[in-house]
>>> print(open('data.csv').read())   # CSV, C-alpha atoms
chain,number,residue,atom,x,y,z
D,865,TRP,CA,-76.5,108.5,17.1
D,866,LEU,CA,-73.7,111.1,16.9
D,867,GLY,CA,-70.8,110.4,19.2
D,868,ARG,CA,-71.4,106.6,19.1
D,869,ASP,CA,-69.5,103.9,17.2
D,870,GLY,CA,-67.2,106.5,15.7
D,871,LEU,CA,-70.0,108.5,14.1
D,872,THR,CA,-68.4,112.0,14.2
D,873,PRO,CA,-70.2,115.1,12.8
D,874,LYS,CA,-67.8,115.1,9.9
D,875,ARG,CA,-68.5,111.5,9.0
D,876,LEU,CA,-72.2,111.9,9.3
D,877,GLN,CA,-72.1,114.9,7.0
D,878,LYS,CA,-70.3,112.9,4.4
D,879,ILE,CA,-72.9,110.1,4.7
D,880,LEU,CA,-75.8,112.6,4.3
D,881,LEU,CA,-74.2,114.2,1.2
D,882,ALA,CA,-73.3,110.8,-0.3
D,883,ARG,CA,-77.0,109.7,0.0
D,884,GLY,CA,-78.3,112.9,-1.5
D,885,ILE,CA,-80.1,114.0,1.6
D,886,GLU,CA,-81.1,117.6,1.5
D,887,GLY,CA,-83.3,118.0,4.6
D,888,VAL,CA,-82.2,117.4,8.2
D,889,ILE,CA,-84.2,117.4,11.4
D,890,VAL,CA,-82.0,117.7,14.5
D,891,SER,CA,-82.9,116.5,18.0
D,892,PRO,CA,-80.2,117.5,20.5
D,893,GLN,CA,-80.0,114.8,23.2
D,894,SER,CA,-76.7,115.4,25.0
D,895,LEU,CA,-74.8,118.1,26.8
D,896,GLN,CA,-71.9,117.9,24.4
D,897,LEU,CA,-74.1,118.8,21.4
D,898,PRO,CA,-72.1,117.1,18.7
D,899,CYS,CA,-74.9,118.1,16.2
D,900,SER,CA,-73.7,121.8,16.6
D,901,LYS,CA,-70.4,120.9,14.8
D,902,ILE,CA,-72.1,119.9,11.5
D,903,ASP,CA,-71.8,122.2,8.6
D,904,TYR,CA,-75.4,122.9,7.7
D,905,SER,CA,-74.8,125.0,4.6
D,906,PRO,CA,-75.8,122.2,2.2
D,907,PHE,CA,-79.0,121.3,4.1
D,908,ALA,CA,-82.5,122.6,4.8
D,909,SER,CA,-82.6,122.1,8.6
D,910,VAL,CA,-84.8,122.3,11.6
D,911,VAL,CA,-84.0,121.7,15.3
D,912,PHE,CA,-86.2,120.6,18.2
D,913,GLY,CA,-86.0,122.8,21.2
D,914,TYR,CA,-83.6,125.5,22.4
D,915,ALA,CA,-80.7,123.3,23.5
D,916,MET,CA,-78.6,124.0,20.4
D,917,ARG,CA,-78.4,127.7,20.1
D,918,GLU,CA,-75.5,127.8,17.7
D,919,PRO,CA,-75.8,127.5,14.8
D,920,GLY,CA,-79.2,129.2,14.9
D,921,LEU,CA,-81.5,127.0,12.8
D,922,HIS,CA,-85.2,127.1,12.3
D,923,MET,CA,-86.8,125.6,15.4
D,924,CYS,CA,-89.9,123.8,16.7
D,925,ALA,CA,-90.6,123.6,20.5
D,926,GLY,CA,-93.3,123.1,23.0
D,927,ASN,CA,-94.4,126.2,24.9
D,928,MET,CA,-93.5,125.1,28.4
D,929,THR,CA,-94.1,128.5,29.9
D,930,LEU,CA,-97.8,128.0,29.0
D,931,GLY,CA,-97.5,124.3,30.1
D,932,ILE,CA,-96.3,125.1,33.6
D,933,GLN,CA,-98.9,127.9,34.0
D,934,THR,CA,-101.7,125.6,32.9
D,935,ALA,CA,-100.6,122.8,35.2
D,936,ALA,CA,-100.4,125.2,38.1
D,937,GLU,CA,-103.8,126.6,37.4
D,938,GLN,CA,-105.3,123.1,37.2
D,939,LEU,CA,-103.7,122.1,40.5
D,940,THR,CA,-104.9,125.3,42.2
D,941,ALA,CA,-108.4,124.6,41.1
D,942,ARG,CA,-108.1,121.2,42.9
D,943,GLY,CA,-107.2,122.9,46.1
D,944,TYR,CA,-103.4,122.5,46.1
D,945,GLU,CA,-101.6,125.5,47.7
D,946,ARG,CA,-97.9,124.7,47.5
D,947,ILE,CA,-96.9,123.7,44.0
D,948,GLY,CA,-93.3,122.7,43.4
D,949,VAL,CA,-91.4,122.1,40.2
D,950,ALA,CA,-88.3,119.8,40.2
D,951,VAL,CA,-86.3,119.4,37.0
D,952,THR,CA,-82.7,119.6,35.8
D,953,SER,CA,-80.8,122.5,34.4
D,954,TRP,CA,-80.6,120.8,31.0
D,955,ILE,CA,-84.4,120.6,30.9
D,956,VAL,CA,-84.8,124.3,31.9
D,957,ASN,CA,-82.2,125.4,29.3
D,958,ARG,CA,-83.7,123.2,26.6
D,959,SER,CA,-87.0,125.1,27.1
D,960,GLN,CA,-85.3,128.5,27.1
D,961,TYR,CA,-86.3,128.9,30.7
D,962,GLY,CA,-90.0,128.0,30.0
D,963,TYR,CA,-90.2,126.1,33.3
D,964,SER,CA,-88.7,128.7,35.5
D,965,GLY,CA,-90.5,131.5,33.7
D,966,GLY,CA,-93.9,129.8,33.9
D,967,LEU,CA,-93.5,129.1,37.6
D,968,PHE,CA,-92.3,132.6,38.3
D,969,HIS,CA,-95.3,134.1,36.5
D,970,PHE,CA,-97.7,131.9,38.3
D,971,GLN,CA,-96.2,132.7,41.7
D,972,GLN,CA,-96.6,136.4,41.4
D,973,SER,CA,-100.2,136.1,42.5
D,974,LEU,CA,-99.3,134.1,45.6
D,975,PRO,CA,-98.3,135.3,49.0
D,976,ALA,CA,-94.5,134.9,49.5
D,977,ALA,CA,-95.0,132.1,52.1
D,978,ALA,CA,-96.8,129.9,49.5
D,979,ARG,CA,-94.1,130.2,46.8
D,980,VAL,CA,-92.1,127.0,46.5
D,981,PRO,CA,-88.7,127.7,44.9
D,982,LEU,CA,-87.8,125.8,41.7
D,983,LEU,CA,-85.5,122.8,42.4
D,984,LEU,CA,-82.8,122.4,39.7
D,985,LEU,CA,-81.4,118.9,40.3
D,986,PRO,CA,-77.6,119.2,40.1
D,987,HIS,CA,-77.1,116.1,37.9
D,988,ASN,CA,-78.5,115.2,34.5
D,989,GLU,CA,-78.0,111.6,35.7
D,990,LEU,CA,-81.3,111.7,37.5
D,991,ARG,CA,-80.8,108.7,39.8
D,992,ARG,CA,-78.2,110.7,41.7
D,993,GLY,CA,-80.7,113.4,42.7
D,994,PHE,CA,-82.4,111.9,45.7
D,995,ALA,CA,-80.4,113.7,48.4
D,996,PRO,CA,-81.1,117.3,47.1
D,997,PHE,CA,-84.6,116.3,46.2
D,998,SER,CA,-85.4,115.0,49.7
D,999,ALA,CA,-83.8,118.0,51.4
D,1000,TRP,CA,-85.9,120.4,49.2
D,1001,MET,CA,-89.0,118.4,49.9
D,1002,GLU,CA,-88.5,118.5,53.7
D,1003,GLN,CA,-87.6,122.2,53.7
D,1004,HIS,CA,-90.4,123.5,51.4
D,1005,ARG,CA,-93.1,120.8,51.8
D,1006,PRO,CA,-95.0,121.2,48.5
D,1007,ASP,CA,-98.4,119.5,48.4
D,1008,ALA,CA,-98.2,119.1,44.6
D,1009,LEU,CA,-95.2,118.4,42.4
D,1010,ILE,CA,-94.4,118.7,38.7
D,1011,SER,CA,-91.4,116.6,37.8
D,1012,PHE,CA,-90.1,113.5,36.0
D,1013,ASP,CA,-92.0,110.2,35.7
D,1014,THR,CA,-88.8,108.2,36.4
D,1015,HIS,CA,-87.1,108.0,39.9
D,1016,VAL,CA,-89.3,110.8,41.4
D,1017,PRO,CA,-92.3,108.5,42.2
D,1018,GLU,CA,-89.9,106.1,43.9
D,1019,TRP,CA,-88.3,108.9,45.8
D,1020,LEU,CA,-91.7,110.0,47.1
D,1021,GLU,CA,-92.5,106.5,48.2
D,1022,LYS,CA,-89.1,106.2,49.9
D,1023,MET,CA,-90.0,109.4,51.9
D,1024,GLY,CA,-93.3,107.8,53.0
D,1025,LEU,CA,-95.5,110.0,50.8
D,1026,ARG,CA,-98.5,108.5,49.0
D,1027,VAL,CA,-99.7,109.8,45.6
D,1028,PRO,CA,-102.3,111.3,45.5
D,1029,GLU,CA,-103.3,111.0,49.1
D,1030,ASP,CA,-100.3,112.9,50.6
D,1031,ILE,CA,-99.1,114.8,47.5
D,1032,GLY,CA,-100.3,115.5,44.0
D,1033,PHE,CA,-98.0,114.5,41.2
D,1034,VAL,CA,-97.8,115.8,37.6
D,1035,VAL,CA,-95.5,114.5,34.9
D,1036,HIS,CA,-93.8,117.4,33.1
D,1037,ASP,CA,-93.4,115.4,29.8
D,1038,TRP,CA,-96.5,113.2,29.7
D,1039,THR,CA,-97.0,110.6,27.0
D,1040,PRO,CA,-100.1,108.6,26.2
D,1041,GLN,CA,-98.6,105.5,27.9
D,1042,MET,CA,-98.6,107.3,31.3
D,1043,THR,CA,-102.3,106.7,32.0
D,1044,HIS,CA,-101.6,106.5,35.8
D,1045,TYR,CA,-100.4,110.1,35.9
D,1046,ALA,CA,-101.7,113.6,35.3
D,1047,GLY,CA,-99.3,115.5,33.1
D,1048,ILE,CA,-98.3,118.1,30.6
D,1049,TYR,CA,-98.6,116.6,27.1
D,1050,GLN,CA,-96.1,118.3,24.8
D,1051,ARG,CA,-97.7,117.0,21.6
D,1052,ARG,CA,-94.5,115.7,20.1
D,1053,ASP,CA,-96.4,114.4,17.0
D,1054,GLN,CA,-97.4,118.0,16.3
D,1055,LEU,CA,-93.8,119.2,16.9
D,1056,ALA,CA,-92.6,116.6,14.4
D,1057,ALA,CA,-95.3,117.6,11.8
D,1058,SER,CA,-94.3,121.3,12.2
D,1059,ALA,CA,-90.6,120.4,11.7
D,1060,VAL,CA,-91.5,118.6,8.4
D,1061,ASP,CA,-93.5,121.6,7.3
D,1062,LEU,CA,-90.5,123.9,7.9
D,1063,ILE,CA,-88.2,121.5,5.9
D,1064,VAL,CA,-90.7,121.3,3.0
D,1065,THR,CA,-91.0,125.1,2.9
D,1066,GLN,CA,-87.2,125.5,2.8
D,1067,LEU,CA,-86.8,122.9,0.0
D,1068,SER,CA,-89.6,124.4,-2.1
D,1069,GLN,CA,-87.9,127.8,-1.9
D,1070,HIS,CA,-84.4,126.5,-2.3
D,1071,GLU,CA,-83.3,127.7,1.1
D,1072,TYR,CA,-80.2,126.0,2.5
D,1073,GLY,CA,-77.8,126.6,5.4
D,1074,VAL,CA,-78.1,128.7,8.5
D,1075,PRO,CA,-80.9,131.2,8.0
D,1076,PRO,CA,-80.3,135.0,8.7
D,1077,VAL,CA,-83.5,135.0,10.8
D,1078,PRO,CA,-84.5,131.6,12.2
D,1079,ARG,CA,-88.3,130.9,12.3
D,1080,GLN,CA,-89.6,129.4,15.5
D,1081,ILE,CA,-92.8,127.4,15.9
D,1082,MET,CA,-94.3,127.0,19.4
D,1083,ILE,CA,-96.8,124.2,20.0
D,1084,PRO,CA,-99.1,124.8,23.0
D,1085,PRO,CA,-99.0,121.8,25.4
D,1086,GLN,CA,-102.2,120.0,26.5
D,1087,TRP,CA,-103.2,119.4,30.1
D,1088,ILE,CA,-104.0,115.8,30.9
D,1089,ASN,CA,-106.0,114.9,34.0
D,1090,GLY,CA,-105.0,111.7,35.8
D,1091,PRO,CA,-105.3,109.6,39.0
D,1092,SER,CA,-102.1,111.1,40.5
D,1093,ILE,CA,-103.9,114.2,41.6
D,1094,ARG,CA,-107.2,114.7,43.5
D,1095,GLU,CA,-110.4,115.4,41.6
D,1096,THR,CA,-111.9,118.9,41.5
>>> encode(input="data.csv", output="structure tokens")
Amino acid sequence: WLGRDGLTPKRLQKILLARGIEGVIVSPQSLQLPCSKIDYSPFASVVFGYAMREPGLHMCAGNMTLGIQTAAEQLTARGYERIGVAVTSWIVNRSQYGYSGGLFHFQQSLPAAARVPLLLLPHNELRRGFAPFSAWMEQHRPDALISFDTHVPEWLEKMGLRVPEDIGFVVHDWTPQMTHYAGIYQRRDQLAASAVDLIVTQLSQHEYGVPPVPRQIMIPPQWINGPSIRET
């Protein structure tokens, strides 16, 4: 992990070169983005998501604009009328505004009174978000929510709301272990496979460094039905 135990970008680069590693898959996981300080000129490289914009590497990401639209359509088909999305600024930026863009597009067909504004939680440390979350919930009263699987279900319980009896709940980043939730499955296995394909292509064509025109692969998410929403 970059930034831990003295592993600086410069030191990591020396380790990679000493081991003869030519291909690097980058997964930015912090606001500081230490991975952006590596010199990628000796490597064939791919990055996950939009969080690291410079240097501009080839990229694989989930299409969360489509994911939010699909989830909203599925919820509408089940009779939900006030659909809210609550995430952090980091998540929205990492999707290159896919969450806000998908919600905005969906809401254009709704009357103004039915449009629940996006909640951008002010802290990436999610456990600190209850106060703004509860205020947003009380003001806008969504009957379905797309958000995190951690903290948010406990917040709903704390507010006296039952899932799915009082509110539908959809996980924005569903994994196969989350069988008790409906969600948007971002197919990370397919993202990883696409990243490997991009690395192999670069190595076979002797392409190294920051590309003049980065290629971007978008993987369409999959809707997953679950017991946290009402049935159709």
>>> closest_residue(input="data.csv", among="D:Gly920, D:Gly931, D:Gly943, D:Gly1024", to="Asp1037 in chain D", atoms="all atoms listed in the file")
D:Gly931
>>> atom_distance(input="data.csv", atom1="CA of Gly1032 in chain D", atom2="CA of Arg1094 in chain D")
7.0 Å
>>> closest_residue(input="data.csv", among="D:Arg1051, D:Glu1071, D:Gln933, D:Arg1079", to="Gln972 in chain D", atoms="all atoms listed in the file")
D:Gln933
>>> residues_around(input="data.csv", residues="Gln971 in chain D", least_positions_apart="4", cutoff="12 Å", atoms="all atoms listed in the file", output="ChimeraX atom specification")
/D:932-933,936-937,940,945-949,964-967,975-982
>>> closest_residue(input="data.csv", among="D:Arg868, D:Phe970, D:Gln877, D:Asp1061", to="Thr934 in chain D", atoms="all atoms listed in the file")
D:Phe970
>>> closest_atom_pairs(input="data.csv", of="range 948-1019 of chain D", to="range 888-905 of chain D", cutoff="12 Å", atoms="only C-alpha atoms", output="JSON lines")
{"residue": "D:Ser953", "atom": "CA", "partner": "D:Leu895", "partner_atom": "CA", "distance": 10.6}
{"residue": "D:Trp954", "atom": "CA", "partner": "D:Leu895", "partner_atom": "CA", "distance": 7.7}
{"residue": "D:Ile955", "atom": "CA", "partner": "D:Gln893", "partner_atom": "CA", "distance": 10.6}
{"residue": "D:Asn957", "atom": "CA", "partner": "D:Leu895", "partner_atom": "CA", "distance": 10.7}
{"residue": "D:Arg958", "atom": "CA", "partner": "D:Pro892", "partner_atom": "CA", "distance": 9.1}
{"residue": "D:His987", "atom": "CA", "partner": "D:Leu895", "partner_atom": "CA", "distance": 11.5}
{"residue": "D:Asn988", "atom": "CA", "partner": "D:Leu895", "partner_atom": "CA", "distance": 9.0}
{"residue": "D:Glu989", "atom": "CA", "partner": "D:Ser894", "partner_atom": "CA", "distance": 11.4}
>>> write_last_selection(input="data.csv", atoms="C-alpha atoms", output="PDB file, in the coordinates of the input")
ATOM      1  CA  SER D 953     -80.800 122.500  34.400  1.00  0.00           C
ATOM      2  CA  TRP D 954     -80.600 120.800  31.000  1.00  0.00           C
ATOM      3  CA  ILE D 955     -84.400 120.600  30.900  1.00  0.00           C
ATOM      4  CA  ASN D 957     -82.200 125.400  29.300  1.00  0.00           C
ATOM      5  CA  ARG D 958     -83.700 123.200  26.600  1.00  0.00           C
ATOM      6  CA  HIS D 987     -77.100 116.100  37.900  1.00  0.00           C
ATOM      7  CA  ASN D 988     -78.500 115.200  34.500  1.00  0.00           C
ATOM      8  CA  GLU D 989     -78.000 111.600  35.700  1.00  0.00           C
TER       9      GLU D 989
END
>>> residues_around(input="data.csv", residues="Gly1073 in chain D", least_positions_apart="5", cutoff="12 Å", atoms="only C-alpha atoms", output="list in words")
Glu886, Gly887, Val888, Ile902, Asp903, Tyr904, Ser905, Pro906, Phe907, Ala908, Ser909, Val910, Pro919, Gly920, Leu921, His922, Ile1063, Gln1066, Leu1067 and Pro1078 of chain D
>>> atom_distance(input="data.csv", atom1="CA of Asp869 in chain D", atom2="CA of Val1060 in chain D")
27.9 Å
>>> residues_around(input="data.csv", residues="Ile1081 in chain D", least_positions_apart="6", cutoff="9 Å", atoms="all atoms listed in the file", output="list in words")
His922, Met923, Cys924, Ala925, Gly926, Leu1055, Ser1058 and Ala1059 of chain D
>>> residues_around(input="data.csv", residues="Val951 in chain D", least_positions_apart="5", cutoff="8 Å", atoms="only C-alpha atoms", output="JSON, numbers by chain")
{"D": [956, 983, 984, 985, 1011, 1012]}
>>> closest_residue(input="data.csv", among="D:Thr1096, D:Asn1089, D:Thr872, D:Gln1050", to="Asn927 in chain D", atoms="all atoms listed in the file")
D:Gln1050
>>> atom_distance(input="data.csv", atom1="CA of Gln1041 in chain D", atom2="CA of Gln960 in chain D")
26.6 Å
>>> closest_residue(input="data.csv", among="D:Gln1086, D:Ser959, D:Thr929, D:Ser998", to="Pro1040 in chain D", atoms="only C-alpha atoms")
D:Gln1086
>>> decode(input="data.csv", residues="range 903-936 of chain D", atoms="N, CA, C and O atoms", output="PDB file, in the first residue's frame")
ATOM      1  N   ASP D 903       6.452   7.710 -11.742  1.00  0.00           N
ATOM      2  CA  ASP D 903       6.841   7.933 -13.130  1.00  0.00           C
ATOM      3  C   ASP D 903       6.461   6.678 -13.917  1.00  0.00           C
ATOM      4  O   ASP D 903       7.073   5.620 -13.761  1.00  0.00           O
ATOM      5  N   TYR D 904       5.458   6.783 -14.749  1.00  0.00           N
ATOM      6  CA  TYR D 904       4.943   5.613 -15.466  1.00  0.00           C
ATOM      7  C   TYR D 904       5.641   5.355 -16.804  1.00  0.00           C
ATOM      8  O   TYR D 904       5.259   4.436 -17.522  1.00  0.00           O
ATOM      9  N   SER D 905       6.643   6.130 -17.121  1.00  0.00           N
ATOM     10  CA  SER D 905       7.281   5.985 -18.431  1.00  0.00           C
ATOM     11  C   SER D 905       7.857   4.591 -18.691  1.00  0.00           C
ATOM     12  O   SER D 905       7.860   4.142 -19.842  1.00  0.00           O
ATOM     13  N   PRO D 906       8.331   3.829 -17.650  1.00  0.00           N
ATOM     14  CA  PRO D 906       8.871   2.498 -17.959  1.00  0.00           C
ATOM     15  C   PRO D 906       7.807   1.399 -18.020  1.00  0.00           C
ATOM     16  O   PRO D 906       8.144   0.236 -18.285  1.00  0.00           O
ATOM     17  N   PHE D 907       6.529   1.738 -17.768  1.00  0.00           N
ATOM     18  CA  PHE D 907       5.524   0.701 -17.557  1.00  0.00           C
ATOM     19  C   PHE D 907       4.377   0.788 -18.572  1.00  0.00           C
ATOM     20  O   PHE D 907       4.007   1.871 -19.038  1.00  0.00           O
ATOM     21  N   ALA D 908       3.782  -0.373 -18.844  1.00  0.00           N
ATOM     22  CA  ALA D 908       2.450  -0.439 -19.445  1.00  0.00           C
ATOM     23  C   ALA D 908       1.454  -0.372 -18.287  1.00  0.00           C
ATOM     24  O   ALA D 908       1.528  -1.191 -17.370  1.00  0.00           O
ATOM     25  N   SER D 909       0.551   0.599 -18.307  1.00  0.00           N
ATOM     26  CA  SER D 909      -0.245   0.884 -17.111  1.00  0.00           C
ATOM     27  C   SER D 909      -1.723   1.035 -17.433  1.00  0.00           C
ATOM     28  O   SER D 909      -2.102   1.500 -18.515  1.00  0.00           O
ATOM     29  N   VAL D 910      -2.541   0.680 -16.448  1.00  0.00           N
ATOM     30  CA  VAL D 910      -3.995   0.857 -16.509  1.00  0.00           C
ATOM     31  C   VAL D 910      -4.457   1.281 -15.124  1.00  0.00           C
ATOM     32  O   VAL D 910      -3.940   0.798 -14.108  1.00  0.00           O
ATOM     33  N   VAL D 911      -5.443   2.172 -15.065  1.00  0.00           N
ATOM     34  CA  VAL D 911      -5.985   2.626 -13.787  1.00  0.00           C
ATOM     35  C   VAL D 911      -7.464   2.265 -13.707  1.00  0.00           C
ATOM     36  O   VAL D 911      -8.166   2.246 -14.721  1.00  0.00           O
ATOM     37  N   PHE D 912      -7.922   1.948 -12.503  1.00  0.00           N
ATOM     38  CA  PHE D 912      -9.347   1.721 -12.265  1.00  0.00           C
ATOM     39  C   PHE D 912     -10.020   3.051 -11.919  1.00  0.00           C
ATOM     40  O   PHE D 912      -9.582   3.762 -11.021  1.00  0.00           O
ATOM     41  N   GLY D 913     -11.105   3.378 -12.612  1.00  0.00           N
ATOM     42  CA  GLY D 913     -11.894   4.551 -12.265  1.00  0.00           C
ATOM     43  C   GLY D 913     -11.248   5.862 -12.665  1.00  0.00           C
ATOM     44  O   GLY D 913     -10.153   5.908 -13.226  1.00  0.00           O
ATOM     45  N   TYR D 914     -11.963   6.960 -12.350  1.00  0.00           N
ATOM     46  CA  TYR D 914     -11.565   8.293 -12.797  1.00  0.00           C
ATOM     47  C   TYR D 914     -10.860   9.102 -11.717  1.00  0.00           C
ATOM     48  O   TYR D 914     -10.553  10.276 -11.928  1.00  0.00           O
ATOM     49  N   ALA D 915     -10.621   8.498 -10.546  1.00  0.00           N
ATOM     50  CA  ALA D 915     -10.096   9.285  -9.430  1.00  0.00           C
ATOM     51  C   ALA D 915      -8.748   9.921  -9.759  1.00  0.00           C
ATOM     52  O   ALA D 915      -8.491  11.068  -9.404  1.00  0.00           O
ATOM     53  N   MET D 916      -7.877   9.178 -10.450  1.00  0.00           N
ATOM     54  CA  MET D 916      -6.564   9.718 -10.815  1.00  0.00           C
ATOM     55  C   MET D 916      -6.630  10.252 -12.248  1.00  0.00           C
ATOM     56  O   MET D 916      -6.568   9.492 -13.203  1.00  0.00           O
ATOM     57  N   ARG D 917      -6.753  11.534 -12.368  1.00  0.00           N
ATOM     58  CA  ARG D 917      -6.902  12.134 -13.699  1.00  0.00           C
ATOM     59  C   ARG D 917      -5.569  12.478 -14.337  1.00  0.00           C
ATOM     60  O   ARG D 917      -5.473  12.581 -15.559  1.00  0.00           O
ATOM     61  N   GLU D 918      -4.563  12.705 -13.523  1.00  0.00           N
ATOM     62  CA  GLU D 918      -3.207  12.984 -14.005  1.00  0.00           C
ATOM     63  C   GLU D 918      -2.229  12.106 -13.245  1.00  0.00           C
ATOM     64  O   GLU D 918      -2.278  12.076 -12.013  1.00  0.00           O
ATOM     65  N   PRO D 919      -1.346  11.394 -13.966  1.00  0.00           N
ATOM     66  CA  PRO D 919      -1.275  11.301 -15.426  1.00  0.00           C
ATOM     67  C   PRO D 919      -2.457  10.518 -16.007  1.00  0.00           C
ATOM     68  O   PRO D 919      -3.048   9.687 -15.329  1.00  0.00           O
ATOM     69  N   GLY D 920      -2.760  10.805 -17.255  1.00  0.00           N
ATOM     70  CA  GLY D 920      -3.908  10.199 -17.913  1.00  0.00           C
ATOM     71  C   GLY D 920      -3.565   8.838 -18.501  1.00  0.00           C
ATOM     72  O   GLY D 920      -3.155   8.741 -19.665  1.00  0.00           O
ATOM     73  N   LEU D 921      -3.760   7.777 -17.720  1.00  0.00           N
ATOM     74  CA  LEU D 921      -3.476   6.421 -18.164  1.00  0.00           C
ATOM     75  C   LEU D 921      -4.698   5.803 -18.835  1.00  0.00           C
ATOM     76  O   LEU D 921      -5.818   6.315 -18.729  1.00  0.00           O
ATOM     77  N   HIS D 922      -4.486   4.671 -19.515  1.00  0.00           N
ATOM     78  CA  HIS D 922      -5.624   3.872 -19.954  1.00  0.00           C
ATOM     79  C   HIS D 922      -6.454   3.509 -18.726  1.00  0.00           C
ATOM     80  O   HIS D 922      -5.919   3.347 -17.616  1.00  0.00           O
ATOM     81  N   MET D 923      -7.764   3.354 -18.898  1.00  0.00           N
ATOM     82  CA  MET D 923      -8.641   3.252 -17.745  1.00  0.00           C
ATOM     83  C   MET D 923      -9.760   2.243 -17.972  1.00  0.00           C
ATOM     84  O   MET D 923     -10.272   2.103 -19.080  1.00  0.00           O
ATOM     85  N   CYS D 924     -10.146   1.537 -16.894  1.00  0.00           N
ATOM     86  CA  CYS D 924     -11.337   0.682 -16.867  1.00  0.00           C
ATOM     87  C   CYS D 924     -12.243   1.160 -15.735  1.00  0.00           C
ATOM     88  O   CYS D 924     -11.764   1.440 -14.635  1.00  0.00           O
ATOM     89  N   ALA D 925     -13.533   1.257 -16.007  1.00  0.00           N
ATOM     90  CA  ALA D 925     -14.458   1.746 -14.984  1.00  0.00           C
ATOM     91  C   ALA D 925     -15.846   1.180 -15.236  1.00  0.00           C
ATOM     92  O   ALA D 925     -16.177   0.766 -16.351  1.00  0.00           O
ATOM     93  N   GLY D 926     -16.643   1.166 -14.184  1.00  0.00           N
ATOM     94  CA  GLY D 926     -18.046   0.813 -14.329  1.00  0.00           C
ATOM     95  C   GLY D 926     -18.842   2.016 -14.809  1.00  0.00           C
ATOM     96  O   GLY D 926     -18.541   3.155 -14.465  1.00  0.00           O
ATOM     97  N   ASN D 927     -19.859   1.768 -15.595  1.00  0.00           N
ATOM     98  CA  ASN D 927     -20.713   2.828 -16.125  1.00  0.00           C
ATOM     99  C   ASN D 927     -21.808   3.135 -15.105  1.00  0.00           C
ATOM    100  O   ASN D 927     -22.914   2.604 -15.186  1.00  0.00           O
ATOM    101  N   MET D 928     -21.503   4.011 -14.138  1.00  0.00           N
ATOM    102  CA  MET D 928     -22.460   4.263 -13.080  1.00  0.00           C
ATOM    103  C   MET D 928     -23.582   5.193 -13.493  1.00  0.00           C
ATOM    104  O   MET D 928     -24.613   5.244 -12.830  1.00  0.00           O
ATOM    105  N   THR D 929     -23.421   5.916 -14.580  1.00  0.00           N
ATOM    106  CA  THR D 929     -24.574   6.655 -15.123  1.00  0.00           C
ATOM    107  C   THR D 929     -25.666   5.655 -15.480  1.00  0.00           C
ATOM    108  O   THR D 929     -26.841   5.822 -15.094  1.00  0.00           O
ATOM    109  N   LEU D 930     -25.282   4.603 -16.182  1.00  0.00           N
ATOM    110  CA  LEU D 930     -26.230   3.550 -16.528  1.00  0.00           C
ATOM    111  C   LEU D 930     -26.710   2.818 -15.280  1.00  0.00           C
ATOM    112  O   LEU D 930     -27.890   2.453 -15.180  1.00  0.00           O
ATOM    113  N   GLY D 931     -25.801   2.604 -14.316  1.00  0.00           N
ATOM    114  CA  GLY D 931     -26.184   1.895 -13.097  1.00  0.00           C
ATOM    115  C   GLY D 931     -27.275   2.612 -12.322  1.00  0.00           C
ATOM    116  O   GLY D 931     -28.258   1.992 -11.889  1.00  0.00           O
ATOM    117  N   ILE D 932     -27.125   3.917 -12.135  1.00  0.00           N
ATOM    118  CA  ILE D 932     -28.123   4.695 -11.397  1.00  0.00           C
ATOM    119  C   ILE D 932     -29.441   4.744 -12.173  1.00  0.00           C
ATOM    120  O   ILE D 932     -30.531   4.606 -11.596  1.00  0.00           O
ATOM    121  N   GLN D 933     -29.375   4.933 -13.482  1.00  0.00           N
ATOM    122  CA  GLN D 933     -30.589   4.954 -14.295  1.00  0.00           C
ATOM    123  C   GLN D 933     -31.336   3.630 -14.191  1.00  0.00           C
ATOM    124  O   GLN D 933     -32.558   3.596 -14.019  1.00  0.00           O
ATOM    125  N   THR D 934     -30.603   2.526 -14.277  1.00  0.00           N
ATOM    126  CA  THR D 934     -31.231   1.204 -14.214  1.00  0.00           C
ATOM    127  C   THR D 934     -31.877   0.971 -12.858  1.00  0.00           C
ATOM    128  O   THR D 934     -33.016   0.483 -12.765  1.00  0.00           O
ATOM    129  N   ALA D 935     -31.166   1.316 -11.783  1.00  0.00           N
ATOM    130  CA  ALA D 935     -31.722   1.141 -10.442  1.00  0.00           C
ATOM    131  C   ALA D 935     -32.979   1.990 -10.256  1.00  0.00           C
ATOM    132  O   ALA D 935     -33.982   1.521  -9.688  1.00  0.00           O
ATOM    133  N   ALA D 936     -32.933   3.232 -10.727  1.00  0.00           N
ATOM    134  CA  ALA D 936     -34.102   4.107 -10.594  1.00  0.00           C
ATOM    135  C   ALA D 936     -35.288   3.560 -11.377  1.00  0.00           C
ATOM    136  O   ALA D 936     -36.437   3.601 -10.908  1.00  0.00           O
TER     137      ALA D 936
END
